[in-house]
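Participant: The structure under discussion is supplied below as structure tokens; questions concerning it will follow.
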Amino acid sequence: MDLVPRFCERVPNQSRPGCDPGTHPILIIFVPMKAVIYKSTGSWYVARAENGKTYNARIKGIFKIDGITSSNPIAVGDEVELEEESEISTAIITEIHPRRNYVARSSPHRKSQHHIVASNLDQSILFATLKEPRTSQGFIDRFLVSCEAFHVEAMIVFNKSDIYKAKEMAKYEGLKKMYEDVGYRVFLTSVINNEGVGEIKEALKGRVTLVSGHSGVGKSSLLNALFPEMDLKTQRVSGWSGKGMHTTTFAEMFELPGGGRIIDTPGVKEFGIVDISKQELSHYFPEMRKMLNECQFNNCMHINEPGCAIKSAVEKEEISFERYVSYCNILETIEENNY
């Protein structure tokens, strides 16, 4: 570890009696500290060092231009090196450690850039609802593809079951079977009925978990039910539009009682796929991935090619038709973005 010398205030020299009181600099050695980013507000970050102290930190200027391809150079969950600035709990981020993994989507401001949602994760949970507001299967599948691409285990929570009628419950059962057949864990939850709350609490224990979803899907309400001491802000769905209203402004990490952390994120309207080529896309559908070697052509896109094992599996109902439609829709989006 490099020690960082810095010259600070100058003080009178009173080391020898009778000497003219000159001034000499005091040499203070600043030792870099490893820390984890707990909150990102754009230009400032909240970082917690290994000694337990929390700092308001800013980036050393060079990181803003060198080697950063995302719209946010530092994300919640990043491990960094800090250099303490003063006694008022501020610091400079001097180094970003390599990320174990991360989840990314297209930047809401620049579609050509990717935005890192969070990094160094053990798992992710997508909160979805089938009513008030309705989460589309396309949105769910885009989130799952991004998690697959960056090696993050994903789960799906269908929340607000207390407002589901027979139609929504039938829809849920179909989605549950479809996603569990692929290998994803699926939960049904309701804060009002206390349904599934214990299962979610157990799934979060001892792990670093990203929680995401549309605004208004009730993730803050459910997390408050699990951990009342967190006191996350909640807000009802907008009555005139049926859409959720933003309650979380910035991504933020929270320590969980009994071990583990969650990263709560702002509600997202869409989840744009980034850094995935058309040729790669099928690798991130687990049900397709295990059949790719059976296609007649190595570069099969599973659209019009003869001898395609994926299309054959769809016809035999070995692969869900709805998931195949999601694949085709995402593929078209990648073509439009000219990967």
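Ordering of the structure tokens sets the chain letters (A, B, ...), residue numbers begin anew at 1 in every chain, and ligands are numbered from 1 in the order given.
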Excluding A:Val197 and residues on its chain fewer than 2 positions from it, collect all residues at most 12 Å away from it, counting only C-alpha atoms, and give them as a list in words.
Facilitator: Val157, Phe158, Asn159, Lys160, Ser161, Phe187, Leu188, Thr189, Ser190, Val191, Ile192, Asn193, Asn194, Glu195, Glu199, Ile200, Lys201, Glu202, Ala203, Leu204, Lys219, Ser221, Leu222, Leu223, Asn224, Ala225, Leu226 and Phe227 of chain A
Participant: Output N, CA and C atoms for every residue in the selection just made, as an mmCIF file, in the first residue's frame.
Facilitator:
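Saved as result_32.cif:
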```cif
data_model
loop_
_atom_site.group_PDB
_atom_site.id
_atom_site.type_symbol
_atom_site.label_atom_id
_atom_site.label_comp_id
_atom_site.auth_asym_id
_atom_site.auth_seq_id
_atom_site.Cartn_x
_atom_site.Cartn_y
_atom_site.Cartn_z
ATOM 1 N N VAL A 157 -40.094 -11.492 -7.705
ATOM 2 C CA VAL A 157 -41.126 -11.375 -6.674
ATOM 3 C C VAL A 157 -42.348 -10.730 -7.303
ATOM 4 N N PHE A 158 -43.461 -11.446 -7.348
ATOM 5 C CA PHE A 158 -44.727 -10.861 -7.790
ATOM 6 C C PHE A 158 -45.446 -10.352 -6.543
ATOM 7 N N ASN A 159 -45.488 -9.041 -6.409
ATOM 8 C CA ASN A 159 -45.981 -8.406 -5.191
ATOM 9 C C ASN A 159 -47.447 -7.976 -5.341
ATOM 10 N N LYS A 160 -48.036 -7.555 -4.243
ATOM 11 C CA LYS A 160 -49.420 -7.055 -4.162
ATOM 12 C C LYS A 160 -50.455 -8.139 -4.482
ATOM 13 N N SER A 161 -50.204 -9.356 -4.038
ATOM 14 C CA SER A 161 -51.142 -10.442 -4.344
ATOM 15 C C SER A 161 -52.520 -10.198 -3.737
ATOM 16 N N PHE A 187 -41.502 -15.816 -6.268
ATOM 17 C CA PHE A 187 -42.214 -15.631 -5.011
ATOM 18 C C PHE A 187 -43.502 -14.848 -5.248
ATOM 19 N N LEU A 188 -44.506 -15.116 -4.437
ATOM 20 C CA LEU A 188 -45.740 -14.335 -4.421
ATOM 21 C C LEU A 188 -45.841 -13.686 -3.053
ATOM 22 N N THR A 189 -46.006 -12.347 -3.031
ATOM 23 C CA THR A 189 -45.957 -11.635 -1.750
ATOM 24 C C THR A 189 -47.077 -10.610 -1.618
ATOM 25 N N SER A 190 -47.394 -10.323 -0.352
ATOM 26 C CA SER A 190 -48.342 -9.265 -0.008
ATOM 27 C C SER A 190 -48.006 -8.770 1.389
ATOM 28 N N VAL A 191 -47.778 -7.472 1.509
ATOM 29 C CA VAL A 191 -47.516 -6.896 2.826
ATOM 30 C C VAL A 191 -48.786 -6.961 3.676
ATOM 31 N N ILE A 192 -49.922 -6.641 3.064
ATOM 32 C CA ILE A 192 -51.193 -6.603 3.802
ATOM 33 C C ILE A 192 -51.551 -7.969 4.360
ATOM 34 N N ASN A 193 -51.351 -9.017 3.566
ATOM 35 C CA ASN A 193 -51.685 -10.377 4.013
ATOM 36 C C ASN A 193 -50.501 -11.108 4.648
ATOM 37 N N ASN A 194 -49.367 -10.432 4.713
ATOM 38 C CA ASN A 194 -48.135 -11.027 5.247
ATOM 39 C C ASN A 194 -47.783 -12.324 4.502
ATOM 40 N N GLU A 195 -48.023 -12.321 3.219
ATOM 41 C CA GLU A 195 -47.775 -13.507 2.382
ATOM 42 C C GLU A 195 -46.377 -13.442 1.780
ATOM 43 N N GLU A 199 -40.301 -15.748 3.501
ATOM 44 C CA GLU A 199 -39.455 -16.364 2.475
ATOM 45 C C GLU A 199 -38.461 -15.361 1.909
ATOM 46 N N ILE A 200 -38.925 -14.127 1.674
ATOM 47 C CA ILE A 200 -38.030 -13.099 1.146
ATOM 48 C C ILE A 200 -36.949 -12.771 2.165
ATOM 49 N N LYS A 201 -37.334 -12.659 3.430
ATOM 50 C CA LYS A 201 -36.364 -12.353 4.489
ATOM 51 C C LYS A 201 -35.276 -13.415 4.544
ATOM 52 N N GLU A 202 -35.658 -14.663 4.397
ATOM 53 C CA GLU A 202 -34.694 -15.754 4.416
ATOM 54 C C GLU A 202 -33.776 -15.704 3.196
ATOM 55 N N ALA A 203 -34.340 -15.341 2.041
ATOM 56 C CA ALA A 203 -33.557 -15.275 0.805
ATOM 57 C C ALA A 203 -32.519 -14.161 0.856
ATOM 58 N N LEU A 204 -32.788 -13.106 1.624
ATOM 59 C CA LEU A 204 -31.873 -11.959 1.710
ATOM 60 C C LEU A 204 -30.750 -12.177 2.718
ATOM 61 N N LYS A 219 -41.860 -2.331 -3.599
ATOM 62 C CA LYS A 219 -40.652 -2.897 -2.997
ATOM 63 C C LYS A 219 -40.288 -2.201 -1.695
ATOM 64 N N SER A 221 -42.385 -0.777 0.423
ATOM 65 C CA SER A 221 -43.345 -1.218 1.440
ATOM 66 C C SER A 221 -42.985 -2.597 1.968
ATOM 67 N N LEU A 222 -42.601 -3.500 1.075
ATOM 68 C CA LEU A 222 -42.246 -4.851 1.504
ATOM 69 C C LEU A 222 -40.961 -4.834 2.327
ATOM 70 N N LEU A 223 -39.969 -4.036 1.890
ATOM 71 C CA LEU A 223 -38.717 -3.968 2.638
ATOM 72 C C LEU A 223 -38.941 -3.344 4.012
ATOM 73 N N ASN A 224 -39.845 -2.376 4.100
ATOM 74 C CA ASN A 224 -40.175 -1.787 5.400
ATOM 75 C C ASN A 224 -40.854 -2.808 6.311
ATOM 76 N N ALA A 225 -41.680 -3.678 5.716
ATOM 77 C CA ALA A 225 -42.322 -4.725 6.505
ATOM 78 C C ALA A 225 -41.290 -5.722 7.033
ATOM 79 N N LEU A 226 -40.272 -5.982 6.225
ATOM 80 C CA LEU A 226 -39.216 -6.899 6.629
ATOM 81 C C LEU A 226 -38.302 -6.276 7.674
ATOM 82 N N PHE A 227 -37.946 -5.002 7.438
ATOM 83 C CA PHE A 227 -36.964 -4.321 8.277
ATOM 84 C C PHE A 227 -37.473 -2.919 8.605
#
```
Participant: Identify all residues of stretch 87-276 of chain A in alpha helix (DSSP H) (DSSP on the backbone) and supply them as a PyMOL selection string.
Facilitator: chain A and resi 137-149+166-182+197-204+219-226
Participant: Produce a file of the selected residues containing C-alpha atoms, as a CSV table (one decimal), in the first residue's frame.
Facilitator:
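The resulting file, result17.csv, is reproduced below:
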```
chain,number,residue,atom,x,y,z
A,137,GLN,CA,-43.1,-9.9,-19.4
A,138,GLY,CA,-40.8,-8.1,-21.8
A,139,PHE,CA,-39.5,-6.0,-18.9
A,140,ILE,CA,-39.0,-9.0,-16.7
A,141,ASP,CA,-37.1,-10.9,-19.5
A,142,ARG,CA,-34.8,-7.9,-20.2
A,143,PHE,CA,-33.9,-7.7,-16.6
A,144,LEU,CA,-33.2,-11.5,-16.5
A,145,VAL,CA,-31.0,-11.3,-19.6
A,146,SER,CA,-28.9,-8.5,-18.1
A,147,CYS,CA,-28.4,-10.6,-14.9
A,148,GLU,CA,-27.4,-13.6,-16.9
A,149,ALA,CA,-25.0,-11.6,-19.0
A,166,ALA,CA,-58.9,-14.9,-10.5
A,167,LYS,CA,-57.6,-13.4,-13.8
A,168,GLU,CA,-54.3,-12.2,-12.2
A,169,MET,CA,-53.8,-15.4,-10.2
A,170,ALA,CA,-54.2,-17.5,-13.4
A,171,LYS,CA,-51.6,-15.2,-15.0
A,172,TYR,CA,-49.3,-15.6,-12.1
A,173,GLU,CA,-49.5,-19.4,-12.1
A,174,GLY,CA,-48.6,-19.5,-15.8
A,175,LEU,CA,-45.6,-17.1,-15.3
A,176,LYS,CA,-44.5,-19.0,-12.2
A,177,LYS,CA,-44.3,-22.3,-14.0
A,178,MET,CA,-42.6,-20.7,-17.0
A,179,TYR,CA,-39.8,-19.1,-15.0
A,180,GLU,CA,-39.4,-22.0,-12.6
A,181,ASP,CA,-39.0,-24.4,-15.5
A,182,VAL,CA,-36.2,-22.2,-16.7
A,197,VAL,CA,-42.6,-12.1,3.6
A,198,GLY,CA,-40.7,-14.7,5.7
A,199,GLU,CA,-39.5,-16.4,2.5
A,200,ILE,CA,-38.0,-13.1,1.1
A,201,LYS,CA,-36.4,-12.4,4.5
A,202,GLU,CA,-34.7,-15.8,4.4
A,203,ALA,CA,-33.6,-15.3,0.8
A,204,LEU,CA,-31.9,-12.0,1.7
A,219,LYS,CA,-40.7,-2.9,-3.0
A,220,SER,CA,-40.2,-0.2,-0.4
A,221,SER,CA,-43.3,-1.2,1.4
A,222,LEU,CA,-42.2,-4.9,1.5
A,223,LEU,CA,-38.7,-4.0,2.6
A,224,ASN,CA,-40.2,-1.8,5.4
A,225,ALA,CA,-42.3,-4.7,6.5
A,226,LEU,CA,-39.2,-6.9,6.6
```
Participant: Find the residues near A:Leu210: any atom within 10 Å, counting only C-alpha atoms, skip ones fewer than 6 places away on the same chain, and give them as a PyMOL selection string.
Facilitator: chain A and resi 76-77+102-103+117-126+152+154+204+251-253+261-265
Participant: Rounded to one decimal, what separation in Å do you get between atom CA of A:Ile93 and atom CA of A:Ile116?
Facilitator: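 Atom CA of A:Ile93 sits 17.7 Å away from atom CA of A:Ile116.
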Participant: Please list as a PyMOL selection string every residue within 10 Å of A:Thr54, counting only C-alpha atoms and excluding residues in the same chain fewer than 6 positions away.
Facilitator: chain A and resi 35-38+46-48+89-91
Participant: Can I get the selection written as a PDB file, in the first residue's frame, with N, CA and C atoms?
Facilitator:
```
ATOM      1  N   ALA A  35     -12.725   0.965   1.045  1.00  0.00           N
ATOM      2  CA  ALA A  35     -14.097   1.314   1.424  1.00  0.00           C
ATOM      3  C   ALA A  35     -15.064   0.757   0.393  1.00  0.00           C
ATOM      4  N   VAL A  36     -16.341   0.747   0.742  1.00  0.00           N
ATOM      5  CA  VAL A  36     -17.410   0.309  -0.157  1.00  0.00           C
ATOM      6  C   VAL A  36     -18.370   1.476  -0.359  1.00  0.00           C
ATOM      7  N   ILE A  37     -18.816   1.672  -1.605  1.00  0.00           N
ATOM      8  CA  ILE A  37     -19.748   2.749  -1.919  1.00  0.00           C
ATOM      9  C   ILE A  37     -21.157   2.331  -1.503  1.00  0.00           C
ATOM     10  N   TYR A  38     -21.778   3.140  -0.644  1.00  0.00           N
ATOM     11  CA  TYR A  38     -23.111   2.852  -0.141  1.00  0.00           C
ATOM     12  C   TYR A  38     -24.188   3.693  -0.816  1.00  0.00           C
ATOM     13  N   VAL A  46     -21.378   8.301  -0.884  1.00  0.00           N
ATOM     14  CA  VAL A  46     -21.245   7.939   0.523  1.00  0.00           C
ATOM     15  C   VAL A  46     -20.483   6.623   0.564  1.00  0.00           C
ATOM     16  N   ALA A  47     -19.326   6.632   1.229  1.00  0.00           N
ATOM     17  CA  ALA A  47     -18.465   5.457   1.293  1.00  0.00           C
ATOM     18  C   ALA A  47     -18.241   5.059   2.743  1.00  0.00           C
ATOM     19  N   ARG A  48     -18.263   3.763   3.010  1.00  0.00           N
ATOM     20  CA  ARG A  48     -18.008   3.266   4.360  1.00  0.00           C
ATOM     21  C   ARG A  48     -16.685   2.514   4.361  1.00  0.00           C
ATOM     22  N   SER A  89     -14.905  14.408   7.735  1.00  0.00           N
ATOM     23  CA  SER A  89     -15.446  13.187   7.106  1.00  0.00           C
ATOM     24  C   SER A  89     -15.643  13.314   5.602  1.00  0.00           C
ATOM     25  N   THR A  90     -14.707  13.953   4.919  1.00  0.00           N
ATOM     26  CA  THR A  90     -14.706  13.954   3.459  1.00  0.00           C
ATOM     27  C   THR A  90     -13.451  13.248   2.965  1.00  0.00           C
ATOM     28  N   ALA A  91     -13.532  12.706   1.755  1.00  0.00           N
ATOM     29  CA  ALA A  91     -12.411  11.933   1.231  1.00  0.00           C
ATOM     30  C   ALA A  91     -12.401  11.996  -0.286  1.00  0.00           C
TER      31      ALA A  91
END
```
Participant: DSSP on the backbone, strand (DSSP E or B) only: what residues of stretch 152-278 of chain A does that give? Format it as a list in words.
Facilitator: Glu153, Ala154, Met155, Ile156, Val157, Phe158, Arg185, Val186, Phe187, Leu188, Ser190, Glu195, Val208, Thr209, Leu210, Val211, Ser212, Gly213, Glu252, Met253, Phe254, Glu255, Arg261, Ile262, Ile263 and Asp264 of chain A
Participant: Filtering to N, CA and C atoms, could you give me those residues as a compact mmCIF listing (two decimals), in the first residue's frame?
Facilitator:
```txt
# COMPACT_ATOMS: atom_id res chain seq x y z
N GLU A 153 -27.15 -14.05 -10.05
CA GLU A 153 -28.34 -14.87 -9.82
C GLU A 153 -29.56 -13.97 -9.65
N ALA A 154 -30.67 -14.31 -10.30
CA ALA A 154 -31.86 -13.46 -10.27
C ALA A 154 -33.07 -14.23 -9.74
N MET A 155 -33.93 -13.50 -9.01
CA MET A 155 -35.20 -14.02 -8.54
C MET A 155 -36.30 -13.03 -8.91
N ILE A 156 -37.54 -13.49 -8.95
CA ILE A 156 -38.67 -12.63 -9.30
C ILE A 156 -39.68 -12.67 -8.16
N VAL A 157 -40.09 -11.49 -7.71
CA VAL A 157 -41.13 -11.38 -6.67
C VAL A 157 -42.35 -10.73 -7.30
N PHE A 158 -43.46 -11.45 -7.35
CA PHE A 158 -44.73 -10.86 -7.79
C PHE A 158 -45.45 -10.35 -6.54
N ARG A 185 -36.10 -18.65 -9.28
CA ARG A 185 -36.97 -18.72 -8.11
C ARG A 185 -38.04 -17.63 -8.22
N VAL A 186 -39.28 -17.99 -7.90
CA VAL A 186 -40.41 -17.07 -8.04
C VAL A 186 -41.16 -17.04 -6.71
N PHE A 187 -41.50 -15.82 -6.27
CA PHE A 187 -42.21 -15.63 -5.01
C PHE A 187 -43.50 -14.85 -5.25
N LEU A 188 -44.51 -15.12 -4.44
CA LEU A 188 -45.74 -14.33 -4.42
C LEU A 188 -45.84 -13.69 -3.05
N SER A 190 -47.39 -10.32 -0.35
CA SER A 190 -48.34 -9.26 -0.01
C SER A 190 -48.01 -8.77 1.39
N GLU A 195 -48.02 -12.32 3.22
CA GLU A 195 -47.77 -13.51 2.38
C GLU A 195 -46.38 -13.44 1.78
N VAL A 208 -25.55 -10.02 -0.52
CA VAL A 208 -25.67 -8.68 -1.09
C VAL A 208 -26.66 -8.77 -2.24
N THR A 209 -27.78 -8.06 -2.12
CA THR A 209 -28.90 -8.23 -3.06
C THR A 209 -29.30 -6.89 -3.68
N LEU A 210 -29.36 -6.86 -4.99
CA LEU A 210 -29.92 -5.72 -5.71
C LEU A 210 -31.44 -5.90 -5.79
N VAL A 211 -32.21 -4.87 -5.42
CA VAL A 211 -33.67 -4.92 -5.59
C VAL A 211 -34.06 -3.86 -6.61
N SER A 212 -34.86 -4.26 -7.58
CA SER A 212 -35.21 -3.35 -8.67
C SER A 212 -36.64 -3.60 -9.10
N GLY A 213 -37.15 -2.71 -9.97
CA GLY A 213 -38.50 -2.84 -10.48
C GLY A 213 -39.06 -1.49 -10.86
N GLU A 252 -28.99 3.14 -3.20
CA GLU A 252 -28.42 3.19 -1.87
C GLU A 252 -28.37 1.79 -1.26
N MET A 253 -27.26 1.51 -0.56
CA MET A 253 -27.07 0.23 0.10
C MET A 253 -27.44 0.34 1.58
N PHE A 254 -28.08 -0.72 2.10
CA PHE A 254 -28.46 -0.75 3.50
C PHE A 254 -27.96 -2.05 4.13
N GLU A 255 -27.46 -1.95 5.37
CA GLU A 255 -27.10 -3.13 6.16
C GLU A 255 -28.38 -3.77 6.70
N ARG A 261 -26.81 -7.33 2.93
CA ARG A 261 -27.05 -5.96 2.51
C ARG A 261 -28.03 -5.98 1.34
N ILE A 262 -28.81 -4.92 1.23
CA ILE A 262 -29.62 -4.74 0.03
C ILE A 262 -29.23 -3.42 -0.63
N ILE A 263 -29.36 -3.38 -1.94
CA ILE A 263 -29.16 -2.15 -2.69
C ILE A 263 -30.50 -1.77 -3.29
N ASP A 264 -31.10 -0.72 -2.73
CA ASP A 264 -32.40 -0.24 -3.23
C ASP A 264 -32.13 0.74 -4.36
```
